[in-house]
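Only one structure is covered here, and it is reproduced in the block below.
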Amino acid sequence: MREQYRSEGLSEAELAPDPYEQFAIWFAEVFAAGLREPNAMVVSTADPDGRPSSRTVLLKGYDHRGFVFYTNYGSRKAADLARNPYVSLLFPWHPIGRQVIVAGTAERVDPAETAVYFHSRPRGSQLGAWASAQSAVVASREEIDAAYERLLARYPEGEPVPVPTGWGGYRVTAESVEFWQGRENRLHDRLRYVSEGDGEGWRVERLSP
């Protein structure tokens, strides 16, 4: 089970000055290619004992400050990040032979920013955030559905749904960002931006495939 990549490759000369600009270029190309949920990313965290866990989360924003996603602050990922802020993000754009891997640290976004995003969500998703104690053990699917039905009655159509306590966003500030381009004969291009530590400068490294 192996696919032979035949892309034109990725050179240092064509890279943007920083990884956030380069990500914007690639993200636009992925979107134009019609990939389903191009903002889906694998978020990997580790607990204080070093045990890793991964899950797919949707990217909800990015700029020169970092990459933003939202979650329940009682979830496993949030518990990991409370003790160990280091995180890895993986964008698996396999249909076009590309990946982006971000390594950095996560911190909670401002509550006001969380509120703006929460109220932009579909109403069902707003209620779902209240109905789910994410990552907690639950007795049955019926228990989840019953919680959702109670919320429908509590917040009827037309009544605003408040932002749940214990729910919000994280912003991942990158320390390194690798752009992976599949190439023929498994000789892939791997170019990695590494922060110089001053918050502005980046150096680019080519990694062996």
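Ordering of the structure tokens sets the chain letters (A, B, ...), residue numbers begin anew at 1 in every chain, and ligands are numbered from 1 in the order given.
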Write out as a PyMOL selection string each polymer residue whose atoms come within 6 Å of region 99-106 of chain A, counting only C-alpha atoms; drop sequence neighbours fewer than 5 positions from it.
chain A and resi 85-93+170-180
Would you mind writing down, as an MDAnalysis selection string, each residue of region 104-150 of chain A that DSSP on the backbone assigns to helix (DSSP H, G or I)?
chainID A and resid 111:118 123:131 141:150
Any chance you can output those residues with C-alpha atoms as a PDB file, in the first residue's frame?
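Ended up saving to result.pdb:
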```pdb
ATOM      1  CA  PRO A 111     -12.596  35.180  27.038  1.00  0.00           C
ATOM      2  CA  ALA A 112     -13.850  37.984  24.810  1.00  0.00           C
ATOM      3  CA  GLU A 113     -12.338  36.276  21.765  1.00  0.00           C
ATOM      4  CA  THR A 114     -13.911  32.989  22.843  1.00  0.00           C
ATOM      5  CA  ALA A 115     -17.319  34.680  23.145  1.00  0.00           C
ATOM      6  CA  VAL A 116     -17.130  36.124  19.634  1.00  0.00           C
ATOM      7  CA  TYR A 117     -16.345  32.710  18.188  1.00  0.00           C
ATOM      8  CA  PHE A 118     -18.941  30.871  20.300  1.00  0.00           C
ATOM      9  CA  ARG A 123     -27.140  27.073  17.437  1.00  0.00           C
ATOM     10  CA  GLY A 124     -26.958  23.277  17.661  1.00  0.00           C
ATOM     11  CA  SER A 125     -23.207  23.420  18.235  1.00  0.00           C
ATOM     12  CA  GLN A 126     -23.676  26.040  20.939  1.00  0.00           C
ATOM     13  CA  LEU A 127     -26.101  23.771  22.792  1.00  0.00           C
ATOM     14  CA  GLY A 128     -23.846  20.773  22.178  1.00  0.00           C
ATOM     15  CA  ALA A 129     -21.004  22.509  23.991  1.00  0.00           C
ATOM     16  CA  TRP A 130     -23.245  22.726  27.058  1.00  0.00           C
ATOM     17  CA  ALA A 131     -24.557  19.160  26.725  1.00  0.00           C
ATOM     18  CA  ARG A 141     -25.937   7.768  24.367  1.00  0.00           C
ATOM     19  CA  GLU A 142     -29.421   8.367  25.767  1.00  0.00           C
ATOM     20  CA  GLU A 143     -27.913  10.379  28.619  1.00  0.00           C
ATOM     21  CA  ILE A 144     -26.230  12.725  26.149  1.00  0.00           C
ATOM     22  CA  ASP A 145     -29.379  13.111  24.057  1.00  0.00           C
ATOM     23  CA  ALA A 146     -31.463  13.806  27.169  1.00  0.00           C
ATOM     24  CA  ALA A 147     -29.040  16.542  28.242  1.00  0.00           C
ATOM     25  CA  TYR A 148     -29.340  18.134  24.811  1.00  0.00           C
ATOM     26  CA  GLU A 149     -33.149  18.016  24.934  1.00  0.00           C
ATOM     27  CA  ARG A 150     -33.147  19.734  28.325  1.00  0.00           C
TER      28      ARG A 150
END
```
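Minimum atom-to-atom distances from A:Pro209, A:Pro52, A:Pro95, A:Pro17 to Glu184 (chain A) were compared using only C-alpha atoms, and the lowest value belongs to A:Pro209.
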Which one is closest to Gly9 (chain A): A:Ala24, A:Leu187, A:Val43, A:Ala79? Count only C-alpha atoms.
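The answer is A:Leu187, which sits nearest to Gly9 (chain A).
Near region 54-64 of chain A, within a cut-off of 9 Å and counting only C-alpha atoms, sit the residues A:Asp18, A:Pro19, A:Tyr20, A:Glu21, A:Ala24, A:Glu37, A:Pro38, A:Asn39, A:Ala40, A:Met41, A:Val42, A:Val43, A:Ser44, A:Thr45, A:Ala46, A:Tyr70, A:Thr71, A:Lys77, A:Tyr117, A:Arg171, A:Thr173, with same-chain residues fewer than 6 positions away left out.
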Pick out the closest residue to Phe69 (chain A) from this set: A:Arg83, A:Arg108, A:Arg36, A:Arg51. Count only C-alpha atoms.
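So, comparing all the options, the nearest one is A:Arg108.
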Nearest to Arg190 (chain A) among A:Leu10, A:Leu152, A:Ala133, A:Ala82, with distances taken over only C-alpha atoms: which residue is it?
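Checking each candidate against Arg190 (chain A), we get A:Leu10 as the closest.
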As a PDB file with N, CA and C atoms, in the first residue's frame, list the residues of region 6-81 of chain A assigned to strand (DSSP E or B) by DSSP on the backbone atoms of this structure.
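For reference, selection01.pdb as written:
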```pdb
ATOM      1  N   ALA A  40      -8.966  20.537   9.314  1.00  0.00           N
ATOM      2  CA  ALA A  40      -8.847  19.449  10.290  1.00  0.00           C
ATOM      3  C   ALA A  40      -7.369  19.203  10.594  1.00  0.00           C
ATOM      4  N   MET A  41      -7.045  19.106  11.872  1.00  0.00           N
ATOM      5  CA  MET A  41      -5.652  18.887  12.285  1.00  0.00           C
ATOM      6  C   MET A  41      -5.625  17.914  13.452  1.00  0.00           C
ATOM      7  N   VAL A  42      -4.545  17.150  13.539  1.00  0.00           N
ATOM      8  CA  VAL A  42      -4.344  16.244  14.658  1.00  0.00           C
ATOM      9  C   VAL A  42      -3.593  17.007  15.751  1.00  0.00           C
ATOM     10  N   VAL A  43      -4.215  17.124  16.913  1.00  0.00           N
ATOM     11  CA  VAL A  43      -3.611  17.812  18.053  1.00  0.00           C
ATOM     12  C   VAL A  43      -3.068  16.762  19.014  1.00  0.00           C
ATOM     13  N   SER A  44      -1.785  16.804  19.268  1.00  0.00           N
ATOM     14  CA  SER A  44      -1.146  15.837  20.158  1.00  0.00           C
ATOM     15  C   SER A  44      -0.620  16.542  21.402  1.00  0.00           C
ATOM     16  N   THR A  45      -0.960  15.980  22.551  1.00  0.00           N
ATOM     17  CA  THR A  45      -0.517  16.501  23.842  1.00  0.00           C
ATOM     18  C   THR A  45       0.112  15.356  24.619  1.00  0.00           C
ATOM     19  N   ALA A  46       0.702  15.688  25.765  1.00  0.00           N
ATOM     20  CA  ALA A  46       1.274  14.657  26.638  1.00  0.00           C
ATOM     21  C   ALA A  46       0.995  15.038  28.079  1.00  0.00           C
ATOM     22  N   PRO A  52       1.462  10.229  25.610  1.00  0.00           N
ATOM     23  CA  PRO A  52       0.860  11.087  24.587  1.00  0.00           C
ATOM     24  C   PRO A  52      -0.587  10.714  24.302  1.00  0.00           C
ATOM     25  N   SER A  53      -1.321  11.664  23.762  1.00  0.00           N
ATOM     26  CA  SER A  53      -2.659  11.405  23.240  1.00  0.00           C
ATOM     27  C   SER A  53      -2.896  12.344  22.068  1.00  0.00           C
ATOM     28  N   SER A  54      -3.672  11.857  21.107  1.00  0.00           N
ATOM     29  CA  SER A  54      -3.942  12.631  19.892  1.00  0.00           C
ATOM     30  C   SER A  54      -5.418  12.579  19.570  1.00  0.00           C
ATOM     31  N   ARG A  55      -5.889  13.634  18.890  1.00  0.00           N
ATOM     32  CA  ARG A  55      -7.268  13.702  18.445  1.00  0.00           C
ATOM     33  C   ARG A  55      -7.349  14.722  17.305  1.00  0.00           C
ATOM     34  N   THR A  56      -8.395  14.578  16.477  1.00  0.00           N
ATOM     35  CA  THR A  56      -8.594  15.517  15.379  1.00  0.00           C
ATOM     36  C   THR A  56      -9.473  16.670  15.849  1.00  0.00           C
ATOM     37  N   VAL A  57      -9.012  17.883  15.603  1.00  0.00           N
ATOM     38  CA  VAL A  57      -9.695  19.108  16.004  1.00  0.00           C
ATOM     39  C   VAL A  57      -9.711  20.035  14.791  1.00  0.00           C
ATOM     40  N   LEU A  58     -10.681  20.935  14.732  1.00  0.00           N
ATOM     41  CA  LEU A  58     -10.743  21.879  13.619  1.00  0.00           C
ATOM     42  C   LEU A  58     -10.043  23.190  13.972  1.00  0.00           C
ATOM     43  N   GLY A  61      -8.807  29.522  13.399  1.00  0.00           N
ATOM     44  CA  GLY A  61      -8.209  30.810  13.084  1.00  0.00           C
ATOM     45  C   GLY A  61      -6.698  30.714  13.132  1.00  0.00           C
ATOM     46  N   TYR A  62      -6.032  31.572  12.375  1.00  0.00           N
ATOM     47  CA  TYR A  62      -4.579  31.649  12.438  1.00  0.00           C
ATOM     48  C   TYR A  62      -4.148  33.023  11.960  1.00  0.00           C
ATOM     49  N   ASP A  63      -3.070  33.505  12.557  1.00  0.00           N
ATOM     50  CA  ASP A  63      -2.426  34.743  12.137  1.00  0.00           C
ATOM     51  C   ASP A  63      -1.013  34.691  12.696  1.00  0.00           C
ATOM     52  N   GLY A  66      -0.469  32.897  16.093  1.00  0.00           N
ATOM     53  CA  GLY A  66      -0.538  31.460  16.260  1.00  0.00           C
ATOM     54  C   GLY A  66      -1.775  30.841  15.650  1.00  0.00           C
ATOM     55  N   PHE A  67      -2.009  29.565  16.000  1.00  0.00           N
ATOM     56  CA  PHE A  67      -3.095  28.754  15.467  1.00  0.00           C
ATOM     57  C   PHE A  67      -4.112  28.523  16.585  1.00  0.00           C
ATOM     58  N   VAL A  68      -5.403  28.718  16.297  1.00  0.00           N
ATOM     59  CA  VAL A  68      -6.429  28.709  17.350  1.00  0.00           C
ATOM     60  C   VAL A  68      -7.403  27.547  17.148  1.00  0.00           C
ATOM     61  N   PHE A  69      -7.698  26.843  18.258  1.00  0.00           N
ATOM     62  CA  PHE A  69      -8.781  25.863  18.262  1.00  0.00           C
ATOM     63  C   PHE A  69      -9.547  26.008  19.571  1.00  0.00           C
ATOM     64  N   TYR A  70     -10.750  25.418  19.614  1.00  0.00           N
ATOM     65  CA  TYR A  70     -11.624  25.544  20.782  1.00  0.00           C
ATOM     66  C   TYR A  70     -11.973  24.171  21.328  1.00  0.00           C
ATOM     67  N   THR A  71     -12.206  24.124  22.653  1.00  0.00           N
ATOM     68  CA  THR A  71     -12.487  22.852  23.301  1.00  0.00           C
ATOM     69  C   THR A  71     -13.105  23.084  24.674  1.00  0.00           C
ATOM     70  N   ASN A  72     -13.518  22.007  25.296  1.00  0.00           N
ATOM     71  CA  ASN A  72     -13.966  22.035  26.685  1.00  0.00           C
ATOM     72  C   ASN A  72     -12.722  22.046  27.575  1.00  0.00           C
TER      73      ASN A  72
END
```
Find the residues around Glu205 (chain A) up to 10 Å (only C-alpha atoms counted), leave out those fewer than 2 positions away in its own chain, and share them as a list in words.
Glu12, Glu178, Arg190, Leu191, Arg192, Tyr193, Val194, Trp202, Arg203, Leu207 and Ser208 of chain A
File of the preceding selection, N, CA, C and O atoms, as a PDB file, in the first residue's frame:
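The resulting file, out_38.pdb, is reproduced below:
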```
ATOM      1  N   GLU A  12      13.757  26.251  -0.986  1.00  0.00           N
ATOM      2  CA  GLU A  12      13.924  27.335  -0.033  1.00  0.00           C
ATOM      3  C   GLU A  12      13.607  28.695  -0.665  1.00  0.00           C
ATOM      4  O   GLU A  12      13.065  29.584  -0.007  1.00  0.00           O
ATOM      5  N   GLU A 178       7.087  22.718  10.148  1.00  0.00           N
ATOM      6  CA  GLU A 178       7.657  21.970   9.029  1.00  0.00           C
ATOM      7  C   GLU A 178       6.653  21.863   7.894  1.00  0.00           C
ATOM      8  O   GLU A 178       5.500  21.488   8.109  1.00  0.00           O
ATOM      9  N   ARG A 190      11.388  18.468   2.918  1.00  0.00           N
ATOM     10  CA  ARG A 190      10.981  18.829   4.279  1.00  0.00           C
ATOM     11  C   ARG A 190      11.737  20.103   4.668  1.00  0.00           C
ATOM     12  O   ARG A 190      12.939  20.070   4.915  1.00  0.00           O
ATOM     13  N   LEU A 191      11.008  21.203   4.693  1.00  0.00           N
ATOM     14  CA  LEU A 191      11.603  22.483   5.062  1.00  0.00           C
ATOM     15  C   LEU A 191      10.969  22.951   6.363  1.00  0.00           C
ATOM     16  O   LEU A 191       9.743  23.052   6.463  1.00  0.00           O
ATOM     17  N   ARG A 192      11.801  23.243   7.340  1.00  0.00           N
ATOM     18  CA  ARG A 192      11.314  23.582   8.675  1.00  0.00           C
ATOM     19  C   ARG A 192      11.775  24.970   9.084  1.00  0.00           C
ATOM     20  O   ARG A 192      12.965  25.277   9.083  1.00  0.00           O
ATOM     21  N   TYR A 193      10.791  25.806   9.447  1.00  0.00           N
ATOM     22  CA  TYR A 193      11.087  27.099  10.062  1.00  0.00           C
ATOM     23  C   TYR A 193      11.326  26.863  11.550  1.00  0.00           C
ATOM     24  O   TYR A 193      10.549  26.178  12.218  1.00  0.00           O
ATOM     25  N   VAL A 194      12.363  27.486  12.086  1.00  0.00           N
ATOM     26  CA  VAL A 194      12.663  27.398  13.517  1.00  0.00           C
ATOM     27  C   VAL A 194      12.783  28.812  14.074  1.00  0.00           C
ATOM     28  O   VAL A 194      13.521  29.638  13.521  1.00  0.00           O
ATOM     29  N   TRP A 202      13.195  33.936  11.991  1.00  0.00           N
ATOM     30  CA  TRP A 202      13.079  32.511  11.699  1.00  0.00           C
ATOM     31  C   TRP A 202      14.254  32.079  10.840  1.00  0.00           C
ATOM     32  O   TRP A 202      14.706  32.831   9.988  1.00  0.00           O
ATOM     33  N   ARG A 203      14.752  30.894  11.079  1.00  0.00           N
ATOM     34  CA  ARG A 203      15.706  30.297  10.163  1.00  0.00           C
ATOM     35  C   ARG A 203      15.046  29.080   9.532  1.00  0.00           C
ATOM     36  O   ARG A 203      14.131  28.489  10.102  1.00  0.00           O
ATOM     37  N   LEU A 207      15.393  19.220   6.074  1.00  0.00           N
ATOM     38  CA  LEU A 207      15.542  17.931   6.751  1.00  0.00           C
ATOM     39  C   LEU A 207      15.634  16.808   5.729  1.00  0.00           C
ATOM     40  O   LEU A 207      14.977  16.829   4.697  1.00  0.00           O
ATOM     41  N   SER A 208      16.431  15.809   6.047  1.00  0.00           N
ATOM     42  CA  SER A 208      16.502  14.644   5.197  1.00  0.00           C
ATOM     43  C   SER A 208      15.167  13.908   5.223  1.00  0.00           C
ATOM     44  O   SER A 208      14.512  13.816   6.261  1.00  0.00           O
TER      45      SER A 208
END
```
Among the residues A:Asp47, A:His188, A:Gly168, A:Ile96, the one that comes closest to Ala32 (chain A) [using only C-alpha atoms]
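Looking only at the distances to Ala32 (chain A), the closest residue turns out to be A:Ile96.
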Using only C-alpha atoms, find the one residue out of A:Arg154, A:Arg65, A:Arg183, A:Arg76 that sits nearest to Ser135 (chain A).
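Ranked by minimum distance to Ser135 (chain A), first place goes to A:Arg76.
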